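Working notes, beginning with the structure itself.
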Amino acid sequence: MKKILKLTLILFLVSAIVAGVLGVVNEMTKDRIEEQKQIKTAKAYAAVLPSEGYEELEIDTSAYTNIESISKATGGEGYVVQTTFSGAQGNITMVVGVSPDYKCTGISIISHAETSGLGANAASTSDIGVNWRAQFVGQDKNMAITKAGGTIDALTGATITSRSVAEAAANAISVVESLG
Amino acid sequence: MNIKKQFKEGLITNNPVLVQLIGMCATMAITTTLFNGVGMGLSVLIILTCCNVVVSAIRKIIPNEIRLAIFVVIIAGFVTIVDLLLQAYIPALSEALGVFIPLIVVNCIIIGRAEAFCQKNTIGASFFDGIFQGLGYTVVLIIMCVFRELVGSGKFGTGLIDVANGFKITMDGTGGGIELFSADYGATIMLLPFGGFITLGLLIALMQYMLKKSAKKKEAAAKAVKEGEE
């Protein structure tokens with residue numbers, strides 16, 4: 001009995017020390033990580049729909065699946081939808097630009113956990129990623145990958161990622177369209 | 001335990017990937033570009049060295065029954081620290097490696113070295129063991145990355161070398177790399193898990209061949225000396 005208490009206490013102490021150190025590191029890096037995320041989101045907005053500013057619509061997004069926020073470009077260029085959905089490995093957060101005539105003006109993936117070298121290409125800055133995402137420009141709410149009868153070529157070895165991205169982009173456009 | 005012997009063990013005779021055959025999951029998964037390989041290798045090197053030192057420092061006070069649990073807690077702590085630092089300061093790398101950074105927790109290199117080496121050796125020896133084993137891991141990753149990236153996409157150093165802006169080494173993942181031939185002629189299969197298995201298999205075979213050869217040479221030399229004495 002005494003021994004088990006001793007073991008528990010030691011393990012508790014070690015865990016507590018590690019947790020304390022992690023707390024300090026988290027406190028130190030928190031602001032910077034948040035900053036990096038904001039820079040990324042701002043870049044993504046500008047990439048999918050260039051505009052002077054964006055104004056978030058005050059609507060209840062929980063009424064729509066996977067939609068996080070919808071922002072209106074202040075210059076009337078269209079809308080930017082931020083959506084989080086499930087990819088092949090984990091959640092993907094993506095922004096979709098929608099023009100006033102409900103066509104996709106571009107997509108940009110902010111965060112994901114897809115397989116490095118395969119699904120991760122969907123978000124990569126390499127030629128593969130850029131060319132792949134370029135296919136989404138001009139698509140409407142009926143877009144789909146070729147396997148599902150659409151015109152978007154899936155990424156090599158990443159059909160599930162490609163499919164979920166296309167479905168999410170289509171969903172984003174139809175939500176904007178339903179708002180009018 | 002001298003440093004020279006440890007250096008040779010980490011890089012060649014007891015290389016973590018090619019001889020001990022540990023930590024192969026991440027090795028096959030991330031070795032698609034040089035950027036990933038260097039980043040992952042250095043992350044493991046740093047985590048391994050820190051863990052080795054801490055484990056070795058507390059080796060006499062931790063009870064034997066719960067040593068594995070304590071090792072895992074310590075490793076997880078260091079991995080999370082590196083993960084947070086990467087997210088804050090090298091976001092491109094953190095993105096490229098994705099889930100494989102947190103997965104270093106279960107990478108057997110680190111717990112394997114803690115169990116096999118650090119709990120029996122001094123802090124100094126453990127420190128060098130971390131550095132050299134980490135280097136051995138990094139070197140293998142780099143060889144695999146260079147080979148797979150070249151055959152698979154015809155490039156060298158994507159994300160790491162910025163040719164467009166005058167041969168700079170960047171850590172933000174924007175470098176285009178040196179294009180040796182068009183990606184259209186690349187064997188994409190080398191970038192898929194299949195390519196990882198094949199490359200690793202070839203490397204292990206080559207390593208075993210060389211180790212056997214050098215062992216035979218030593219044997220022959222010993223024999224010659226013996227005969228000479230007679």
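Ordered as shown in the structure tokens, chains take letters A, B, and onward, while each chain numbers its residues from 1 and ligands are numbered from 1 in the order shown.
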
Worksheet item: If we count only C-alpha atoms, which residues of chain B reach to within 9 Å of chain A? Please list them as JSON, numbers by chain.
Response: {"B": [29, 30, 31, 32, 33, 62, 63, 65, 66, 69, 70, 73, 74, 76, 77, 78, 80, 81, 84, 85, 87, 88, 89, 91, 95, 96, 97, 98, 99, 100, 158, 159, 173, 174, 176, 188, 191, 192]}

Worksheet entry | Shell around Ala134 (chain A) at 12 Å using only C-alpha atoms, local window under 5 positions removed, as a ChimeraX atom specification | /A:47-48,104-108,122-123,125,127-129,139,152-153

Same residues, C-alpha atoms, output as an mmCIF file, in the first residue's frame:
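File produced: out12.cif:
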data_model
loop_
_atom_site.group_PDB
_atom_site.id
_atom_site.type_symbol
_atom_site.label_atom_id
_atom_site.label_comp_id
_atom_site.auth_asym_id
_atom_site.auth_seq_id
_atom_site.Cartn_x
_atom_site.Cartn_y
_atom_site.Cartn_z
ATOM 1 C CA ALA A 47 -6.207 35.410 -52.148
ATOM 2 C CA VAL A 48 -9.718 34.151 -52.800
ATOM 3 C CA CYS A 104 -16.403 30.353 -56.889
ATOM 4 C CA THR A 105 -13.614 32.939 -57.122
ATOM 5 C CA GLY A 106 -11.056 30.732 -55.393
ATOM 6 C CA ILE A 107 -10.400 28.587 -52.371
ATOM 7 C CA SER A 108 -7.657 28.685 -49.776
ATOM 8 C CA ALA A 122 -4.473 20.559 -51.562
ATOM 9 C CA ALA A 123 -3.112 23.310 -49.321
ATOM 10 C CA THR A 125 2.086 26.443 -52.222
ATOM 11 C CA ASP A 127 2.677 24.029 -58.428
ATOM 12 C CA ILE A 128 0.593 20.941 -57.721
ATOM 13 C CA GLY A 129 -1.417 22.729 -55.049
ATOM 14 C CA GLN A 139 -17.287 26.586 -60.580
ATOM 15 C CA ILE A 152 -12.547 18.809 -60.934
ATOM 16 C CA ASP A 153 -9.621 16.396 -61.167
#

Item to complete: Please provide the set of residues having any atom within 12 Å of Val175 (chain A), restricted to only C-alpha atoms, with same-chain residues fewer than 2 positions apart removed, written as a VMD selection string.
Response: chain A and resid 59 61 to 70 79 to 83 96 98 102 140 to 141 168 to 173 177 to 180

Discussion item. Residues of chain A classed as helix (DSSP H, G or I) by DSSP on the backbone are to be reported as number ranges by chain.
Written reply: A: 2-48, 61-63, 119-122, 127-134, 146-148, 159-179

Counting only C-alpha atoms, what is within 8 Å of region 124-126 of chain B, bar same-chain residues fewer than 3 positions away, as an mmCIF file with C-alpha atoms, in the first residue's frame?
data_model
loop_
_atom_site.group_PDB
_atom_site.id
_atom_site.type_symbol
_atom_site.label_atom_id
_atom_site.label_comp_id
_atom_site.auth_asym_id
_atom_site.auth_seq_id
_atom_site.Cartn_x
_atom_site.Cartn_y
_atom_site.Cartn_z
ATOM 1 C CA MET B 1 32.031 5.042 -23.715
ATOM 2 C CA ILE B 3 32.538 10.110 -28.087
ATOM 3 C CA THR B 49 18.828 15.182 -26.833
ATOM 4 C CA ASN B 52 18.094 11.817 -23.035
ATOM 5 C CA VAL B 53 19.597 14.386 -20.682
ATOM 6 C CA SER B 56 19.627 10.274 -17.541
ATOM 7 C CA PHE B 117 20.879 3.791 -23.113
ATOM 8 C CA CYS B 118 20.044 6.701 -20.830
ATOM 9 C CA ASN B 121 24.608 5.933 -18.602
ATOM 10 C CA ASP B 129 23.981 9.766 -27.646
ATOM 11 C CA GLY B 130 21.038 12.084 -28.328
#

Item to complete: Give the answer as one residue: which of B:Ile178, B:Ile22, B:Ile123, B:Val82 has the shortest atom-to-atom distance to Leu34 (chain B), using only C-alpha atoms?
Response: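 For Leu34 (chain B), the nearest of the given residues is B:Ile178.
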
Show which residues sit within 9 Å of Leu48 (chain B), as a PDB file with N, CA and C atoms, in the first residue's frame. Count only C-alpha atoms, and ignore same-chain residues fewer than 5 positions away.
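Final output, result_22.pdb:
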ATOM      1  N   SER B  43      14.012  18.381 -35.525  1.00  0.00           N
ATOM      2  CA  SER B  43      13.062  18.323 -34.409  1.00  0.00           C
ATOM      3  C   SER B  43      13.336  17.103 -33.555  1.00  0.00           C
ATOM      4  N   VAL B  53      18.955  13.726 -21.820  1.00  0.00           N
ATOM      5  CA  VAL B  53      19.597  14.386 -20.682  1.00  0.00           C
ATOM      6  C   VAL B  53      18.715  14.296 -19.447  1.00  0.00           C
ATOM      7  N   ILE B  75       8.770  12.802 -22.565  1.00  0.00           N
ATOM      8  CA  ILE B  75       8.847  12.925 -24.028  1.00  0.00           C
ATOM      9  C   ILE B  75       7.698  13.772 -24.552  1.00  0.00           C
ATOM     10  N   PHE B  78       8.344  17.476 -24.014  1.00  0.00           N
ATOM     11  CA  PHE B  78       9.284  18.099 -24.957  1.00  0.00           C
ATOM     12  C   PHE B  78       8.689  18.207 -26.356  1.00  0.00           C
ATOM     13  N   ILE B 109      12.300   5.794 -31.469  1.00  0.00           N
ATOM     14  CA  ILE B 109      13.692   6.189 -31.285  1.00  0.00           C
ATOM     15  C   ILE B 109      13.876   6.770 -29.888  1.00  0.00           C
ATOM     16  N   ILE B 110      12.959   7.645 -29.497  1.00  0.00           N
ATOM     17  CA  ILE B 110      13.167   8.387 -28.264  1.00  0.00           C
ATOM     18  C   ILE B 110      12.985   7.493 -27.036  1.00  0.00           C
ATOM     19  N   ILE B 111      11.871   6.750 -26.998  1.00  0.00           N
ATOM     20  CA  ILE B 111      11.679   5.884 -25.835  1.00  0.00           C
ATOM     21  C   ILE B 111      12.691   4.743 -25.871  1.00  0.00           C
ATOM     22  N   ARG B 113      15.853   4.858 -26.949  1.00  0.00           N
ATOM     23  CA  ARG B 113      17.133   5.330 -26.431  1.00  0.00           C
ATOM     24  C   ARG B 113      17.055   5.544 -24.925  1.00  0.00           C
ATOM     25  N   ALA B 114      15.895   6.053 -24.447  1.00  0.00           N
ATOM     26  CA  ALA B 114      15.745   6.269 -23.006  1.00  0.00           C
ATOM     27  C   ALA B 114      15.880   4.941 -22.271  1.00  0.00           C
ATOM     28  N   PHE B 127      23.799  12.783 -23.456  1.00  0.00           N
ATOM     29  CA  PHE B 127      23.711  13.983 -24.289  1.00  0.00           C
ATOM     30  C   PHE B 127      24.283  13.700 -25.676  1.00  0.00           C
ATOM     31  N   ASP B 129      24.793  10.793 -27.003  1.00  0.00           N
ATOM     32  CA  ASP B 129      23.981   9.766 -27.646  1.00  0.00           C
ATOM     33  C   ASP B 129      22.807  10.414 -28.366  1.00  0.00           C
ATOM     34  N   GLY B 130      22.159  11.384 -27.702  1.00  0.00           N
ATOM     35  CA  GLY B 130      21.038  12.084 -28.328  1.00  0.00           C
ATOM     36  C   GLY B 130      21.466  12.776 -29.603  1.00  0.00           C
ATOM     37  N   ILE B 131      22.581  13.508 -29.533  1.00  0.00           N
ATOM     38  CA  ILE B 131      23.063  14.249 -30.703  1.00  0.00           C
ATOM     39  C   ILE B 131      23.376  13.284 -31.843  1.00  0.00           C
ATOM     40  N   GLN B 133      22.618   9.956 -32.311  1.00  0.00           N
ATOM     41  CA  GLN B 133      21.485   9.171 -32.810  1.00  0.00           C
ATOM     42  C   GLN B 133      20.561  10.076 -33.629  1.00  0.00           C
ATOM     43  N   GLY B 134      20.368  11.299 -33.142  1.00  0.00           N
ATOM     44  CA  GLY B 134      19.547  12.258 -33.877  1.00  0.00           C
ATOM     45  C   GLY B 134      20.156  12.567 -35.233  1.00  0.00           C
TER      46      GLY B 134
END

Worksheet item: Using only C-alpha atoms, which residues sit within 9 Å of Ala154 (chain A) once same-chain residues fewer than 6 positions away are excluded, as a PyMOL selection string?
Response: chain A and resi 132+145-147+160-163

Discussion item. Could you tell me how far CA of Gly23 (chain B) sits from CA of Val105 (chain B), in Å to one decimal place?
Written reply: 10.7 Å

Item to complete: Please provide as an MDAnalysis selection string all residues within 9 Å of Met40 (chain B), with the sequence filter that same-chain residues fewer than 2 positions apart are discarded (counting only C-alpha atoms).
Response: chainID B and resid 26:27 30:31 35:38 42:45 93 97 100:101 138 141
